[in-house]
>>> print(open('my_file-v5.txt').read())   # compact mmCIF, C-alpha atoms
# COMPACT_ATOMS: atom_id res chain seq x y z
CA MET A 1 66.61 139.38 -5.13
CA SER A 2 69.31 137.28 -6.74
CA ARG A 3 71.99 139.50 -5.19
CA GLU A 4 70.69 138.99 -1.64
CA ARG A 5 70.86 135.18 -1.67
CA PRO A 6 74.65 134.87 -1.63
CA HIS A 7 74.75 137.34 1.22
CA ASN A 8 72.21 135.31 3.16
CA VAL A 9 74.14 132.13 2.46
CA ARG A 10 77.33 133.69 3.73
CA SER A 11 75.52 134.96 6.79
CA SER A 12 74.12 131.51 7.46
CA GLN A 13 77.51 129.93 7.04
CA THR A 14 79.04 132.48 9.38
CA SER A 15 76.34 131.91 11.99
CA PHE A 16 76.84 128.15 11.74
CA ARG A 17 80.61 128.49 12.22
CA ASP A 18 80.05 130.79 15.17
CA LEU A 19 77.70 128.25 16.64
CA GLN A 20 80.25 125.49 16.13
CA LEU A 21 82.92 127.62 17.75
CA LYS A 22 80.67 128.32 20.71
CA ILE A 23 79.81 124.65 20.99
CA GLU A 24 83.49 123.77 20.90
CA ASP A 25 84.20 126.44 23.49
CA PHE A 26 81.47 125.03 25.73
CA ARG A 27 82.93 121.56 25.27
CA GLN A 28 86.38 122.78 26.28
CA LYS A 29 84.98 124.57 29.31
CA ARG A 30 82.97 121.46 30.18
CA ASP A 31 86.07 119.29 29.87
CA GLU A 32 88.08 121.75 31.97
CA LEU A 33 85.35 121.78 34.59
CA ASN A 34 85.20 117.98 34.58
CA LYS A 35 88.97 117.85 34.94
CA LYS A 36 88.91 120.32 37.82
CA THR A 37 86.12 118.34 39.45
CA LYS A 38 88.09 115.13 39.02
CA ASP A 39 91.23 116.77 40.41
CA TYR A 40 89.21 118.12 43.33
CA ILE A 41 87.82 114.66 44.06
CA ASN A 42 91.33 113.18 43.84
CA ASP A 43 92.60 115.85 46.24
CA LEU A 44 89.79 115.03 48.66
CA GLN A 45 90.64 111.35 48.45
CA GLU A 46 94.30 112.11 49.15
CA ILE A 47 93.29 114.21 52.15
CA GLU A 48 91.10 111.38 53.42
CA ILE A 49 94.01 108.96 53.04
CA GLU A 50 96.26 111.38 54.90
CA ILE A 51 93.69 111.68 57.69
CA ALA A 52 93.37 107.90 57.89
CA ASN A 53 97.16 107.53 58.04
CA SER A 54 97.42 110.17 60.76
CA LEU A 55 94.72 108.49 62.82
CA LYS A 56 96.41 105.12 62.37
CA PHE A 57 99.74 106.64 63.41
CA ALA A 58 98.18 108.11 66.55
CA LYS A 59 96.51 104.82 67.39
CA ASP A 60 99.52 102.63 66.70
CA GLN A 61 102.10 104.86 68.36
CA TYR A 62 100.71 106.88 71.25
CA LYS A 63 97.74 104.69 72.18
CA LYS A 64 99.97 101.63 72.32
CA LYS A 65 102.46 103.46 74.57
CA ARG A 66 99.68 104.88 76.72
CA ASP A 67 98.12 101.44 77.19
CA TYR A 68 101.56 100.00 78.02
CA TRP A 69 102.13 102.52 80.81
CA ASN A 70 98.54 102.15 82.02
CA ASN A 71 99.14 98.43 82.40
CA LYS A 72 102.40 99.08 84.28
CA VAL A 73 100.56 101.47 86.61
CA LYS A 74 97.82 98.89 87.19
CA GLN A 75 100.35 96.19 88.12
CA LEU A 76 102.19 98.57 90.43
CA LYS A 77 98.94 99.55 92.16
CA GLU A 78 98.28 95.87 92.83
CA LYS A 79 101.77 95.56 94.30
CA LYS A 80 101.09 98.64 96.43
CA ILE A 81 97.98 96.96 97.86
CA GLU A 82 100.02 93.85 98.72
CA TYR A 83 102.66 95.90 100.54
CA LYS A 84 100.01 97.97 102.32
CA THR A 85 98.31 94.79 103.57
CA LEU A 86 101.67 93.40 104.69
CA LEU A 87 102.45 96.63 106.52
CA ASP A 88 99.10 96.58 108.33
CA ASN A 89 99.68 92.97 109.41
CA LEU A 90 103.19 93.71 110.67
CA ILE A 91 101.99 96.72 112.65
CA GLU A 92 99.27 94.57 114.22
CA ASP A 93 101.85 91.89 115.13
CA GLN A 94 104.05 94.57 116.65
CA LYS A 95 101.19 95.83 118.81
CA ASN A 96 100.36 92.30 119.96
CA LEU A 97 103.97 91.65 121.01
CA GLN A 98 104.20 94.95 122.83
CA ARG A 99 100.96 94.19 124.69
CA SER A 100 101.87 90.64 125.63
CA GLY A 101 105.44 91.41 126.68
CA LYS A 102 106.46 87.84 125.97
CA ASP A 103 106.49 85.22 123.27
CA GLN A 104 103.47 82.94 123.62
CA ASN A 105 104.67 80.31 121.15
CA LYS A 106 106.43 77.69 123.30
CA ASN A 107 107.16 75.49 120.29
CA ASN A 108 109.80 78.01 119.23
CA GLN A 109 111.81 77.73 122.46
CA ILE A 110 115.45 76.89 121.84
CA PHE A 111 117.15 73.84 123.32
CA SER A 112 118.97 75.84 126.02
CA MET A 113 115.61 76.98 127.43
CA LYS A 114 114.44 73.37 127.68
CA GLN A 115 117.61 72.56 129.56
CA ILE A 116 116.93 75.36 132.04
CA GLU A 117 113.38 74.15 132.62
CA ARG A 118 114.60 70.57 133.06
CA LYS A 119 117.17 71.68 135.64
CA ILE A 120 114.51 73.58 137.57
CA GLU A 121 112.24 70.53 137.57
CA ASN A 122 115.05 68.28 138.78
CA LEU A 123 115.98 70.66 141.58
CA GLU A 124 112.36 70.98 142.69
CA ARG A 125 112.04 67.19 142.66
CA ARG A 126 115.13 66.90 144.87
CA ILE A 127 113.57 69.22 147.43
CA GLU A 128 110.38 67.14 147.42
CA THR A 129 111.94 63.67 147.45
CA GLU A 130 115.28 63.97 149.22
CA LYS A 131 116.00 64.61 152.87
CA LEU A 132 118.05 67.78 152.80
CA ASP A 133 119.32 69.95 155.57
CA ILE A 134 118.49 73.64 155.63
CA SER A 135 121.77 74.68 154.05
CA GLU A 136 121.43 72.27 151.13
CA GLU A 137 117.79 73.20 150.57
CA ASN A 138 118.60 76.92 150.59
CA THR A 139 121.39 76.34 148.10
CA ILE A 140 118.99 74.51 145.77
CA ILE A 141 116.36 77.22 146.18
CA ASP A 142 118.94 79.88 145.29
CA LYS A 143 119.87 77.84 142.22
CA ILE A 144 116.21 77.56 141.21
CA ARG A 145 115.84 81.33 141.56
CA GLU A 146 118.94 81.85 139.44
CA LEU A 147 117.61 79.52 136.73
CA ALA A 148 114.17 81.19 136.88
CA ALA A 149 115.85 84.58 136.38
CA MET A 150 117.71 83.16 133.38
CA LYS A 151 114.41 81.85 132.00
CA GLN A 152 112.75 85.25 132.42
CA GLU A 153 115.72 86.96 130.79
CA TYR A 154 115.47 84.56 127.88
CA PHE A 155 111.80 85.36 127.35
CA SER A 156 112.54 89.07 127.57
CA LYS A 157 115.36 88.89 125.04
CA LYS A 158 113.42 86.66 122.71
CA ASN A 159 110.43 88.97 122.86
CA ASN A 160 112.60 92.02 122.23
CA ASN A 161 114.29 90.26 119.32
CA GLU A 162 110.92 89.49 117.74
CA ILE A 163 109.88 93.12 118.12
CA PHE A 164 113.16 94.24 116.57
CA LYS A 165 112.66 91.88 113.62
CA ILE A 166 109.14 93.19 113.05
CA GLU A 167 110.29 96.80 113.31
CA ARG A 168 112.98 96.08 110.73
CA LYS A 169 110.42 94.49 108.41
CA ILE A 170 108.11 97.49 108.86
CA GLU A 171 110.96 99.83 107.95
CA ILE A 172 111.77 97.83 104.79
CA VAL A 173 108.11 97.68 103.72
CA LYS A 174 107.73 101.44 104.20
CA ILE A 175 110.83 102.07 102.07
CA ASN A 176 109.42 99.86 99.32
CA LEU A 177 106.05 101.58 99.55
CA ASN A 178 107.70 104.98 99.12
CA LYS A 179 109.52 103.68 96.05
CA ILE A 180 106.24 102.37 94.67
CA TYR A 181 104.55 105.76 95.18
CA GLU A 182 107.43 107.50 93.38
CA GLN A 183 107.31 105.01 90.51
CA LEU A 184 103.54 105.34 90.27
CA ASN A 185 103.87 109.09 89.79
CA LYS A 186 106.50 108.67 87.05
CA TRP A 187 104.57 105.99 85.17
CA SER A 188 101.28 107.88 85.49
CA GLU A 189 102.97 110.95 83.99
CA LYS A 190 104.27 108.87 81.08
CA SER A 191 100.80 107.46 80.45
CA GLN A 192 99.26 110.95 80.54
CA GLU A 193 102.01 112.28 78.26
CA ASN A 194 101.28 109.69 75.57
CA HIS A 195 97.54 110.22 75.98
CA SER A 196 98.01 113.96 75.40
CA LYS A 197 100.17 113.30 72.32
CA MET A 198 97.51 111.00 70.94
CA LEU A 199 94.83 113.69 71.40
CA GLN A 200 97.14 116.26 69.82
CA GLU A 201 97.58 114.00 66.81
CA PHE A 202 93.80 113.85 66.37
CA GLN A 203 93.55 117.64 66.64
CA ASN A 204 96.26 118.11 64.00
CA VAL A 205 94.27 116.13 61.45
>>> encode(input="my_file-v5.txt", output="structure tokens")
Amino acid sequence: MSRERPHNVRSSQTSFRDLQLKIEDFRQKRDELNKKTKDYINDLQEIEIEIANSLKFAKDQYKKKRDYWNNKVKQLKEKKIEYKTLLDNLIEDQKNLQRSGKDQNKNNQIFSMKQIERKIENLERRIETEKLDISEENTIIDKIRELAAMKQEYFSKKNNNEIFKIERKIEIVKINLNKIYEQLNKWSEKSQENHSKMLQEFQNV
């Protein structure tokens, strides 16, 4: 019996050391696992920061540019409406002049026209108030006809000039409208381009 005790003691000591070694091994594995978990969490946090930075980049860069071009397009559309309204008004004025065939605004008559009218009035007054022979009266009547023809010619020229001015304005407005349409297409494409880049940036995250 006395011989077995040392053996049992050695066995117990060996088992205890083995247990300590296993415990130490478990501790090391636990520490390694904790370290890996911590590293994994840190990696996730870095990825989240990268995602946040990418989203911020997309918002600050492409969204800002997209909104800028959208605003330019909006302003240009408002200008297009103004020109379209102006064009409609000019076309309506043109139709009115063509229908009337003469300028109805007598306040715009030039001084030479007033002189013609005054001469006609004076000649008519002479026929009414003075005793004229047939030859003199016919001469005055011919003069009145000549002045009346000049008056009619003036109205015709003035009316034609107004129509020409309106036609010229219509031509200019149409040219500007075409330029606006071209610019609208370009700016709309730029806005869409930046919008697509912004969406692409989100997809790349």
>>> residues_around(input="my_file-v5.txt", residues="A:Leu87", least_positions_apart="6", cutoff="9 Å", atoms="all atoms listed in the file", output="ChimeraX atom specification")
/A:169-170,173-174
>>> closest_residue(input="my_file-v5.txt", among="A:Leu177, A:Met198, A:Ile134, A:Ala149", to="A:Lys77", atoms="only C-alpha atoms")
A:Leu177
>>> atom_distance(input="my_file-v5.txt", atom1="atom CA of A:Arg27", atom2="atom CA of A:Leu44")
25.2 Å
>>> axis_aligned_box(input="my_file-v5.txt", around="stretch 133-146 of chain A", padding_each_side="8 Å", output="JSON")
{"center_x": 118.8, "center_y": 75.9, "center_z": 147.5, "size_x": 21.9, "size_y": 27.9, "size_z": 32.2}
>>> atom_distance(input="my_file-v5.txt", atom1="atom CA of A:Gln61", atom2="atom CA of A:Ser188")
17.4 Å
>>> atom_distance(input="my_file-v5.txt", atom1="atom CA of A:Asn71", atom2="atom CA of A:Ser196")
17.1 Å
>>> closest_residue(input="my_file-v5.txt", among="A:Lys59, A:Lys35, A:Arg66, A:Arg17", to="A:His195", atoms="all atoms listed in the file")
A:Arg66
>>> residues_around(input="my_file-v5.txt", residues="A:Ile120", least_positions_apart="5", cutoff="12 Å", atoms="all atoms listed in the file", output="ChimeraX atom specification")
/A:113-115,125-127,140-151
>>> build_atoms(input="my_file-v5.txt", residues="stretch 24-39 of chain A", atoms="N, CA and C atoms", output="mmCIF file, in the coordinates of the input")
data_model
loop_
_atom_site.group_PDB
_atom_site.id
_atom_site.type_symbol
_atom_site.label_atom_id
_atom_site.label_comp_id
_atom_site.auth_asym_id
_atom_site.auth_seq_id
_atom_site.Cartn_x
_atom_site.Cartn_y
_atom_site.Cartn_z
ATOM 1 N N GLU A 24 82.160 124.277 20.580
ATOM 2 C CA GLU A 24 83.490 123.770 20.900
ATOM 3 C C GLU A 24 84.036 124.428 22.167
ATOM 4 N N ASP A 25 83.750 125.719 22.291
ATOM 5 C CA ASP A 25 84.200 126.440 23.490
ATOM 6 C C ASP A 25 83.509 125.884 24.735
ATOM 7 N N PHE A 26 82.210 125.627 24.607
ATOM 8 C CA PHE A 26 81.470 125.030 25.730
ATOM 9 C C PHE A 26 82.027 123.654 26.086
ATOM 10 N N ARG A 27 82.361 122.882 25.027
ATOM 11 C CA ARG A 27 82.930 121.560 25.270
ATOM 12 C C ARG A 27 84.255 121.656 26.038
ATOM 13 N N GLN A 28 85.084 122.603 25.608
ATOM 14 C CA GLN A 28 86.380 122.780 26.280
ATOM 15 C C GLN A 28 86.182 123.193 27.744
ATOM 16 N N LYS A 29 85.252 124.135 27.928
ATOM 17 C CA LYS A 29 84.980 124.570 29.310
ATOM 18 C C LYS A 29 84.411 123.423 30.137
ATOM 19 N N ARG A 30 83.535 122.621 29.474
ATOM 20 C CA ARG A 30 82.970 121.460 30.180
ATOM 21 C C ARG A 30 84.074 120.480 30.564
ATOM 22 N N ASP A 31 84.975 120.218 29.599
ATOM 23 C CA ASP A 31 86.070 119.290 29.870
ATOM 24 C C ASP A 31 86.989 119.822 30.974
ATOM 25 N N GLU A 32 87.246 121.138 30.926
ATOM 26 C CA GLU A 32 88.080 121.750 31.970
ATOM 27 C C GLU A 32 87.405 121.634 33.337
ATOM 28 N N LEU A 33 86.086 121.882 33.333
ATOM 29 C CA LEU A 33 85.350 121.780 34.590
ATOM 30 C C LEU A 33 85.348 120.340 35.105
ATOM 31 N N ASN A 34 85.159 119.398 34.177
ATOM 32 C CA ASN A 34 85.200 117.980 34.580
ATOM 33 C C ASN A 34 86.570 117.609 35.133
ATOM 34 N N LYS A 35 87.614 118.131 34.473
ATOM 35 C CA LYS A 35 88.970 117.850 34.940
ATOM 36 C C LYS A 35 89.208 118.439 36.325
ATOM 37 N N LYS A 36 88.762 119.690 36.512
ATOM 38 C CA LYS A 36 88.910 120.320 37.820
ATOM 39 C C LYS A 36 88.135 119.551 38.892
ATOM 40 N N THR A 37 86.925 119.114 38.502
ATOM 41 C CA THR A 37 86.120 118.340 39.450
ATOM 42 C C THR A 37 86.816 117.031 39.810
ATOM 43 N N LYS A 38 87.376 116.377 38.792
ATOM 44 C CA LYS A 38 88.090 115.130 39.020
ATOM 45 C C LYS A 38 89.317 115.355 39.898
ATOM 46 N N ASP A 39 90.054 116.449 39.589
ATOM 47 C CA ASP A 39 91.230 116.770 40.410
ATOM 48 C C ASP A 39 90.821 117.079 41.847
#
